[in-house]
file start33.txt (compact mmCIF, C-alpha atoms)
# COMPACT_ATOMS: atom_id res chain seq x y z
CA MET A 1 -14.90 -1.42 9.91
CA ARG A 2 -11.48 -1.95 11.49
CA PHE A 3 -9.16 -4.87 10.84
CA ARG A 4 -7.46 -6.69 13.69
CA ASP A 5 -4.10 -6.81 11.93
CA ARG A 6 -2.62 -7.24 8.45
CA GLN A 7 -3.08 -11.02 8.49
CA GLN A 8 -6.79 -10.73 9.20
CA ALA A 9 -7.13 -7.99 6.60
CA GLY A 10 -5.34 -10.17 4.07
CA ALA A 11 -7.62 -13.11 4.80
CA ALA A 12 -10.70 -10.92 4.32
CA LEU A 13 -9.27 -9.51 1.08
CA ALA A 14 -8.50 -13.03 -0.13
CA GLU A 15 -12.14 -14.03 0.36
CA ARG A 16 -13.28 -11.20 -1.89
CA LEU A 17 -10.67 -12.07 -4.52
CA LEU A 18 -11.68 -15.72 -4.52
CA VAL A 19 -15.17 -14.60 -5.46
CA ARG A 20 -13.78 -12.44 -8.26
CA ARG A 21 -11.74 -15.40 -9.52
CA GLU A 22 -14.86 -17.56 -9.60
CA GLU A 23 -16.48 -14.80 -11.64
CA GLY A 24 -13.61 -14.97 -14.15
CA ALA A 25 -11.93 -11.68 -13.19
CA LEU A 26 -8.55 -13.09 -12.08
CA PRO A 27 -7.16 -15.43 -14.74
CA ASP A 28 -3.65 -16.75 -14.03
CA PRO A 29 -2.91 -14.41 -11.10
CA VAL A 30 0.54 -13.29 -9.97
CA VAL A 31 0.52 -11.45 -6.63
CA LEU A 32 2.85 -8.46 -6.30
CA ALA A 33 3.17 -6.96 -2.83
CA LEU A 34 4.17 -3.40 -2.03
CA PRO A 35 6.70 -3.63 0.83
CA ARG A 36 6.74 -3.57 3.61
CA GLY A 37 3.23 -3.79 5.06
CA GLY A 38 1.67 -4.99 1.85
CA VAL A 39 3.77 -8.16 1.94
CA VAL A 40 1.97 -9.48 5.02
CA VAL A 41 -1.44 -8.82 3.45
CA ALA A 42 -0.35 -10.25 0.10
CA ALA A 43 0.89 -13.50 1.64
CA GLU A 44 -2.69 -14.33 2.68
CA VAL A 45 -3.93 -13.46 -0.81
CA ALA A 46 -1.29 -15.55 -2.57
CA ARG A 47 -2.00 -18.57 -0.36
CA ALA A 48 -5.73 -18.37 -1.00
CA LEU A 49 -5.32 -17.96 -4.75
CA ASP A 50 -2.48 -20.52 -4.89
CA ALA A 51 -0.57 -17.89 -6.84
CA PRO A 52 3.09 -16.84 -6.98
CA LEU A 53 4.08 -14.07 -4.57
CA ASP A 54 6.75 -11.47 -5.23
CA VAL A 55 7.43 -7.85 -4.36
CA LEU A 56 7.09 -4.65 -6.32
CA VAL A 57 9.11 -1.93 -4.60
CA ALA A 58 7.69 1.58 -4.82
CA ARG A 59 8.58 4.60 -2.72
CA LYS A 60 6.56 7.63 -1.78
CA ILE A 61 8.03 11.09 -2.38
CA GLY A 62 7.03 13.12 0.64
CA ALA A 63 6.75 16.86 0.98
CA PRO A 64 9.95 18.45 2.43
CA PHE A 65 8.13 19.78 5.48
CA GLN A 66 5.99 16.67 6.08
CA SER A 67 7.45 13.40 4.83
CA GLU A 68 4.21 11.48 5.36
CA LEU A 69 2.39 13.75 2.91
CA GLY A 70 2.85 12.01 -0.43
CA VAL A 71 3.21 14.35 -3.41
CA GLY A 72 4.70 11.77 -5.76
CA ALA A 73 6.22 8.31 -5.98
CA ILE A 74 8.71 6.16 -7.85
CA ALA A 75 8.71 2.49 -8.85
CA GLY A 76 11.40 0.55 -10.67
CA GLU A 77 13.52 2.77 -12.90
CA ASP A 78 10.54 4.78 -14.11
CA GLU A 79 10.53 8.55 -13.95
CA PRO A 80 8.87 9.90 -10.81
CA PHE A 81 5.12 10.35 -10.84
CA PHE A 82 3.99 13.61 -9.25
CA ASP A 83 0.59 14.78 -8.10
CA GLU A 84 0.56 18.06 -10.00
CA ARG A 85 -2.38 19.44 -8.06
CA ALA A 86 -0.64 18.75 -4.76
CA LEU A 87 2.53 20.47 -6.00
CA ASP A 88 0.55 23.53 -7.05
CA ARG A 89 -1.39 23.64 -3.81
CA LEU A 90 1.78 23.41 -1.72
CA GLY A 91 3.88 25.69 -3.90
CA LEU A 92 6.44 22.96 -4.62
CA SER A 93 8.49 22.43 -7.76
CA LYS A 94 9.81 19.14 -9.11
CA ALA A 95 13.33 20.58 -9.05
CA ALA A 96 13.03 21.27 -5.32
CA LEU A 97 12.09 17.63 -4.75
CA GLU A 98 15.07 16.15 -6.62
CA PRO A 99 17.14 15.49 -3.44
CA ILE A 100 14.19 13.60 -1.92
CA VAL A 101 13.70 11.64 -5.14
CA GLU A 102 17.35 10.57 -5.08
CA GLN A 103 17.11 9.50 -1.44
CA GLU A 104 14.02 7.44 -2.16
CA ARG A 105 15.62 5.95 -5.30
CA ASP A 106 18.58 4.80 -3.18
CA GLU A 107 16.23 3.18 -0.66
CA LEU A 108 14.25 1.58 -3.48
CA HIS A 109 17.43 0.01 -4.86
CA ARG A 110 18.45 -1.18 -1.38
CA ARG A 111 15.12 -2.91 -0.86
CA GLU A 112 15.05 -4.43 -4.33
CA GLN A 113 18.50 -5.92 -3.79
CA LEU A 114 17.59 -7.21 -0.34
CA TYR A 115 14.20 -8.66 -1.26
CA ARG A 116 14.77 -9.75 -4.85
CA LYS A 117 18.50 -10.62 -4.88
CA GLY A 118 18.82 -9.53 -8.49
CA ARG A 119 15.84 -11.57 -9.71
CA ALA A 120 13.80 -10.07 -12.49
CA ILE A 121 10.13 -9.33 -11.93
CA PRO A 122 8.00 -12.45 -12.61
CA GLU A 123 6.66 -12.99 -16.11
CA LEU A 124 3.39 -11.08 -16.34
CA THR A 125 2.46 -11.34 -20.01
CA GLY A 126 -1.00 -12.84 -20.20
CA HIS A 127 -1.31 -13.02 -16.40
CA THR A 128 -3.39 -10.99 -14.00
CA ALA A 129 -1.07 -8.83 -11.91
CA VAL A 130 -2.68 -8.51 -8.47
CA VAL A 131 -0.96 -5.56 -6.77
CA VAL A 132 -1.51 -5.64 -3.00
CA ASP A 133 -0.87 -3.13 -0.22
CA ASP A 134 -2.15 -2.76 3.34
CA GLY A 135 -3.98 0.43 2.43
CA VAL A 136 -4.00 3.40 0.09
CA ALA A 137 -4.21 6.98 1.34
CA THR A 138 -3.33 9.44 -1.44
CA GLY A 139 -2.89 6.83 -4.17
CA VAL A 140 0.36 8.24 -5.56
CA THR A 141 2.52 5.26 -4.56
CA ALA A 142 -0.02 2.74 -5.81
CA LEU A 143 -0.37 4.62 -9.09
CA ALA A 144 3.40 4.64 -9.66
CA ALA A 145 3.46 0.89 -8.93
CA LEU A 146 0.61 0.20 -11.34
CA ARG A 147 2.29 2.22 -14.09
CA SER A 148 5.44 0.17 -13.61
CA VAL A 149 3.47 -3.08 -13.78
CA ARG A 150 1.81 -1.99 -17.04
CA ARG A 151 5.23 -1.90 -18.70
CA HIS A 152 5.43 -5.69 -18.29
CA ASP A 153 2.37 -6.27 -20.48
CA PRO A 154 0.07 -8.12 -18.07
CA GLY A 155 -3.23 -9.35 -19.41
CA ARG A 156 -5.04 -7.59 -16.57
CA VAL A 157 -4.12 -5.44 -13.57
CA THR A 158 -6.01 -5.53 -10.26
CA LEU A 159 -5.20 -3.36 -7.26
CA ALA A 160 -6.35 -5.12 -4.08
CA VAL A 161 -6.29 -3.43 -0.67
CA PRO A 162 -8.22 -3.78 2.59
CA VAL A 163 -8.82 -0.03 2.96
CA CYS A 164 -8.47 3.05 0.79
CA SER A 165 -9.67 6.61 0.59
CA PRO A 166 -12.42 7.30 -1.97
CA GLU A 167 -10.14 9.86 -3.66
CA ALA A 168 -7.33 7.32 -4.03
CA ALA A 169 -9.73 4.72 -5.43
CA LEU A 170 -10.68 7.15 -8.19
CA LEU A 171 -7.07 8.10 -8.91
CA VAL A 172 -5.74 4.56 -9.38
CA GLN A 173 -8.56 3.56 -11.72
CA GLU A 174 -6.65 5.14 -14.60
CA GLN A 175 -4.05 2.34 -14.39
CA ALA A 176 -6.01 -0.57 -12.88
CA ASP A 177 -8.57 -2.69 -14.70
CA GLU A 178 -10.19 -3.28 -11.32
CA VAL A 179 -9.80 -1.87 -7.82
CA VAL A 180 -10.83 -4.23 -5.03
CA CYS A 181 -11.08 -2.31 -1.76
CA LEU A 182 -13.00 -3.71 1.19
CA HIS A 183 -13.54 -0.41 2.98
CA GLU A 184 -13.60 3.16 1.66
CA PRO A 185 -14.18 5.41 4.69
CA VAL A 186 -15.08 8.98 3.80
CA ALA A 187 -13.15 10.34 6.80
CA PHE A 188 -10.04 8.35 5.91
CA MET A 189 -7.21 10.25 7.69
CA ALA A 190 -4.54 7.48 7.68
CA VAL A 191 -4.21 3.77 6.87
CA GLY A 192 -3.16 2.83 10.40
CA LEU A 193 -6.41 4.12 11.90
CA TRP A 194 -8.26 1.22 10.31
CA TYR A 195 -6.19 -1.44 12.05
CA GLU A 196 -6.19 -2.37 15.73
CA GLU A 197 -2.58 -3.53 15.37
CA PHE A 198 -0.40 -1.68 12.87
CA ASP A 199 3.20 -2.17 13.91
CA GLN A 200 5.90 -1.36 11.38
CA VAL A 201 6.94 -4.40 9.35
CA THR A 202 10.70 -5.02 9.30
CA ASP A 203 12.96 -6.16 6.48
CA ASP A 204 13.47 -9.48 8.28
CA GLU A 205 9.71 -10.05 8.45
CA VAL A 206 9.42 -9.35 4.72
CA LEU A 207 12.17 -11.86 3.99
CA ASP A 208 10.52 -14.46 6.23
CA VAL A 209 7.25 -14.11 4.34
CA LEU A 210 8.93 -14.26 0.94
CA HIS A 211 10.85 -17.38 1.97
CA GLY A 212 7.73 -19.03 3.31
CA LEU A 213 8.87 -18.96 6.94
CA SER A 214 5.86 -17.17 8.40
call {"tool": "encode", "arguments": {"input": "start33.txt", "output": "structure tokens"}}
result
Amino acid sequence: MRFRDRQQAGAALAERLLVRREEGALPDPVVLALPRGGVVVAAEVARALDAPLDVLVARKIGAPFQSELGVGAIAGEDEPFFDERALDRLGLSKAALEPIVEQERDELHRREQLYRKGRAIPELTGHTAVVVDDGVATGVTALAALRSVRRHDPGRVTLAVPVCSPEAALLVQEQADEVVCLHEPVAFMAVGLWYEEFDQVTDDEVLDVLHGLS
């Protein structure tokens, strides 16, 4: 299974979530997108569910020698979450990653200010927080995001993604009441491999989606 693009993936994900809502699993949903790519997917979900759409900014902490290799993540003002097994395997210490954490924290703040303009996160108490991304590889960023969401006392937390690795699906279950993933390829490799079109989403595109212009 490969998705044409994020819009098509979002539409397919929305179909699955509509079924779950009919089954009573998504009461009073609020859709929270992980920028940037997750915003495009989440827009389709929010439209289908007729639910509010907002962003939840989380940042991956990459290994010093390979930034794409996630060994931790941050969301909000929470302390960083680290994959302890990955740190041990790679011989990394948390102290050695502090400069990277600070860089990612600065970028997180920049994006929050740009996308949210000082607005607080939507009220989640009693609602179902539907956290959406375009895919989950290691699961560390999604897990940090879910932990942050839990602090806002939602009635239920659902992670919804078009594609994820089986390992990531297991990892995030500790913070999600439900994980909705359309495709869990065993030979996962990278999120972008499961899309025919996977161009980088820009800040302007995120803002257009959030303002209802696309």
call {"tool": "residues_around", "arguments": {"input": "start33.txt", "residues": "segment 154-168 of chain A", "least_positions_apart": "3", "cutoff": "7 Å", "atoms": "all atoms listed in the file", "output": "MDAnalysis selection string"}}
result
chainID A and resid 9 13 124:139 150 171:172 176:186 188
call {"tool": "write_last_selection", "arguments": {"input": "start33.txt", "atoms": "C-alpha atoms", "output": "PDB file, keeping the file's coordinate frame"}}
result
ATOM      1  CA  ALA A   9      -7.130  -7.990   6.600  1.00  0.00           C
ATOM      2  CA  LEU A  13      -9.270  -9.510   1.080  1.00  0.00           C
ATOM      3  CA  LEU A 124       3.390 -11.080 -16.340  1.00  0.00           C
ATOM      4  CA  THR A 125       2.460 -11.340 -20.010  1.00  0.00           C
ATOM      5  CA  GLY A 126      -1.000 -12.840 -20.200  1.00  0.00           C
ATOM      6  CA  HIS A 127      -1.310 -13.020 -16.400  1.00  0.00           C
ATOM      7  CA  THR A 128      -3.390 -10.990 -14.000  1.00  0.00           C
ATOM      8  CA  ALA A 129      -1.070  -8.830 -11.910  1.00  0.00           C
ATOM      9  CA  VAL A 130      -2.680  -8.510  -8.470  1.00  0.00           C
ATOM     10  CA  VAL A 131      -0.960  -5.560  -6.770  1.00  0.00           C
ATOM     11  CA  VAL A 132      -1.510  -5.640  -3.000  1.00  0.00           C
ATOM     12  CA  ASP A 133      -0.870  -3.130  -0.220  1.00  0.00           C
ATOM     13  CA  ASP A 134      -2.150  -2.760   3.340  1.00  0.00           C
ATOM     14  CA  GLY A 135      -3.980   0.430   2.430  1.00  0.00           C
ATOM     15  CA  VAL A 136      -4.000   3.400   0.090  1.00  0.00           C
ATOM     16  CA  ALA A 137      -4.210   6.980   1.340  1.00  0.00           C
ATOM     17  CA  THR A 138      -3.330   9.440  -1.440  1.00  0.00           C
ATOM     18  CA  GLY A 139      -2.890   6.830  -4.170  1.00  0.00           C
ATOM     19  CA  ARG A 150       1.810  -1.990 -17.040  1.00  0.00           C
ATOM     20  CA  LEU A 171      -7.070   8.100  -8.910  1.00  0.00           C
ATOM     21  CA  VAL A 172      -5.740   4.560  -9.380  1.00  0.00           C
ATOM     22  CA  ALA A 176      -6.010  -0.570 -12.880  1.00  0.00           C
ATOM     23  CA  ASP A 177      -8.570  -2.690 -14.700  1.00  0.00           C
ATOM     24  CA  GLU A 178     -10.190  -3.280 -11.320  1.00  0.00           C
ATOM     25  CA  VAL A 179      -9.800  -1.870  -7.820  1.00  0.00           C
ATOM     26  CA  VAL A 180     -10.830  -4.230  -5.030  1.00  0.00           C
ATOM     27  CA  CYS A 181     -11.080  -2.310  -1.760  1.00  0.00           C
ATOM     28  CA  LEU A 182     -13.000  -3.710   1.190  1.00  0.00           C
ATOM     29  CA  HIS A 183     -13.540  -0.410   2.980  1.00  0.00           C
ATOM     30  CA  GLU A 184     -13.600   3.160   1.660  1.00  0.00           C
ATOM     31  CA  PRO A 185     -14.180   5.410   4.690  1.00  0.00           C
ATOM     32  CA  VAL A 186     -15.080   8.980   3.800  1.00  0.00           C
ATOM     33  CA  PHE A 188     -10.040   8.350   5.910  1.00  0.00           C
TER      34      PHE A 188
END
call {"tool": "atom_distance", "arguments": {"input": "start33.txt", "atom1": "atom CA of Pro27 of chain A", "atom2": "atom CA of Glu112 of chain A"}}
result
26.9 Å
call {"tool": "atom_distance", "arguments": {"input": "start33.txt", "atom1": "atom CA of Val19 of chain A", "atom2": "atom CA of Val40 of chain A"}}
result
20.7 Å
call {"tool": "atom_distance", "arguments": {"input": "start33.txt", "atom1": "atom CA of Met189 of chain A", "atom2": "atom CA of Ala169 of chain A"}}
result
14.5 Å
call {"tool": "closest_residue", "arguments": {"input": "start33.txt", "among": "A:Leu26, A:Ala11, A:Ala142, A:Leu210", "to": "Pro52 of chain A", "atoms": "only C-alpha atoms"}}
result
A:Leu210
call {"tool": "residues_near_point", "arguments": {"input": "start33.txt", "point": "(7.2, 9.9, 2.7)", "cutoff": "12 Å", "atoms": "all atoms listed in the file", "output": "PDB file with C-alpha atoms, keeping the file's coordinate frame"}}
result
ATOM      1  CA  ALA A  58       7.690   1.580  -4.820  1.00  0.00           C
ATOM      2  CA  ARG A  59       8.580   4.600  -2.720  1.00  0.00           C
ATOM      3  CA  LYS A  60       6.560   7.630  -1.780  1.00  0.00           C
ATOM      4  CA  ILE A  61       8.030  11.090  -2.380  1.00  0.00           C
ATOM      5  CA  GLY A  62       7.030  13.120   0.640  1.00  0.00           C
ATOM      6  CA  ALA A  63       6.750  16.860   0.980  1.00  0.00           C
ATOM      7  CA  PRO A  64       9.950  18.450   2.430  1.00  0.00           C
ATOM      8  CA  PHE A  65       8.130  19.780   5.480  1.00  0.00           C
ATOM      9  CA  GLN A  66       5.990  16.670   6.080  1.00  0.00           C
ATOM     10  CA  SER A  67       7.450  13.400   4.830  1.00  0.00           C
ATOM     11  CA  GLU A  68       4.210  11.480   5.360  1.00  0.00           C
ATOM     12  CA  LEU A  69       2.390  13.750   2.910  1.00  0.00           C
ATOM     13  CA  GLY A  70       2.850  12.010  -0.430  1.00  0.00           C
ATOM     14  CA  VAL A  71       3.210  14.350  -3.410  1.00  0.00           C
ATOM     15  CA  GLY A  72       4.700  11.770  -5.760  1.00  0.00           C
ATOM     16  CA  ALA A  73       6.220   8.310  -5.980  1.00  0.00           C
ATOM     17  CA  ILE A  74       8.710   6.160  -7.850  1.00  0.00           C
ATOM     18  CA  LEU A  97      12.090  17.630  -4.750  1.00  0.00           C
ATOM     19  CA  ILE A 100      14.190  13.600  -1.920  1.00  0.00           C
ATOM     20  CA  VAL A 101      13.700  11.640  -5.140  1.00  0.00           C
ATOM     21  CA  GLN A 103      17.110   9.500  -1.440  1.00  0.00           C
ATOM     22  CA  GLU A 104      14.020   7.440  -2.160  1.00  0.00           C
ATOM     23  CA  GLU A 107      16.230   3.180  -0.660  1.00  0.00           C
ATOM     24  CA  ALA A 137      -4.210   6.980   1.340  1.00  0.00           C
ATOM     25  CA  THR A 138      -3.330   9.440  -1.440  1.00  0.00           C
ATOM     26  CA  VAL A 140       0.360   8.240  -5.560  1.00  0.00           C
ATOM     27  CA  THR A 141       2.520   5.260  -4.560  1.00  0.00           C
TER      28      THR A 141
END
call {"tool": "closest_residue", "arguments": {"input": "start33.txt", "among": "A:Ala42, A:Leu170, A:Leu49, A:Ala96", "to": "Leu143 of chain A", "atoms": "all atoms listed in the file"}}
result
A:Leu170
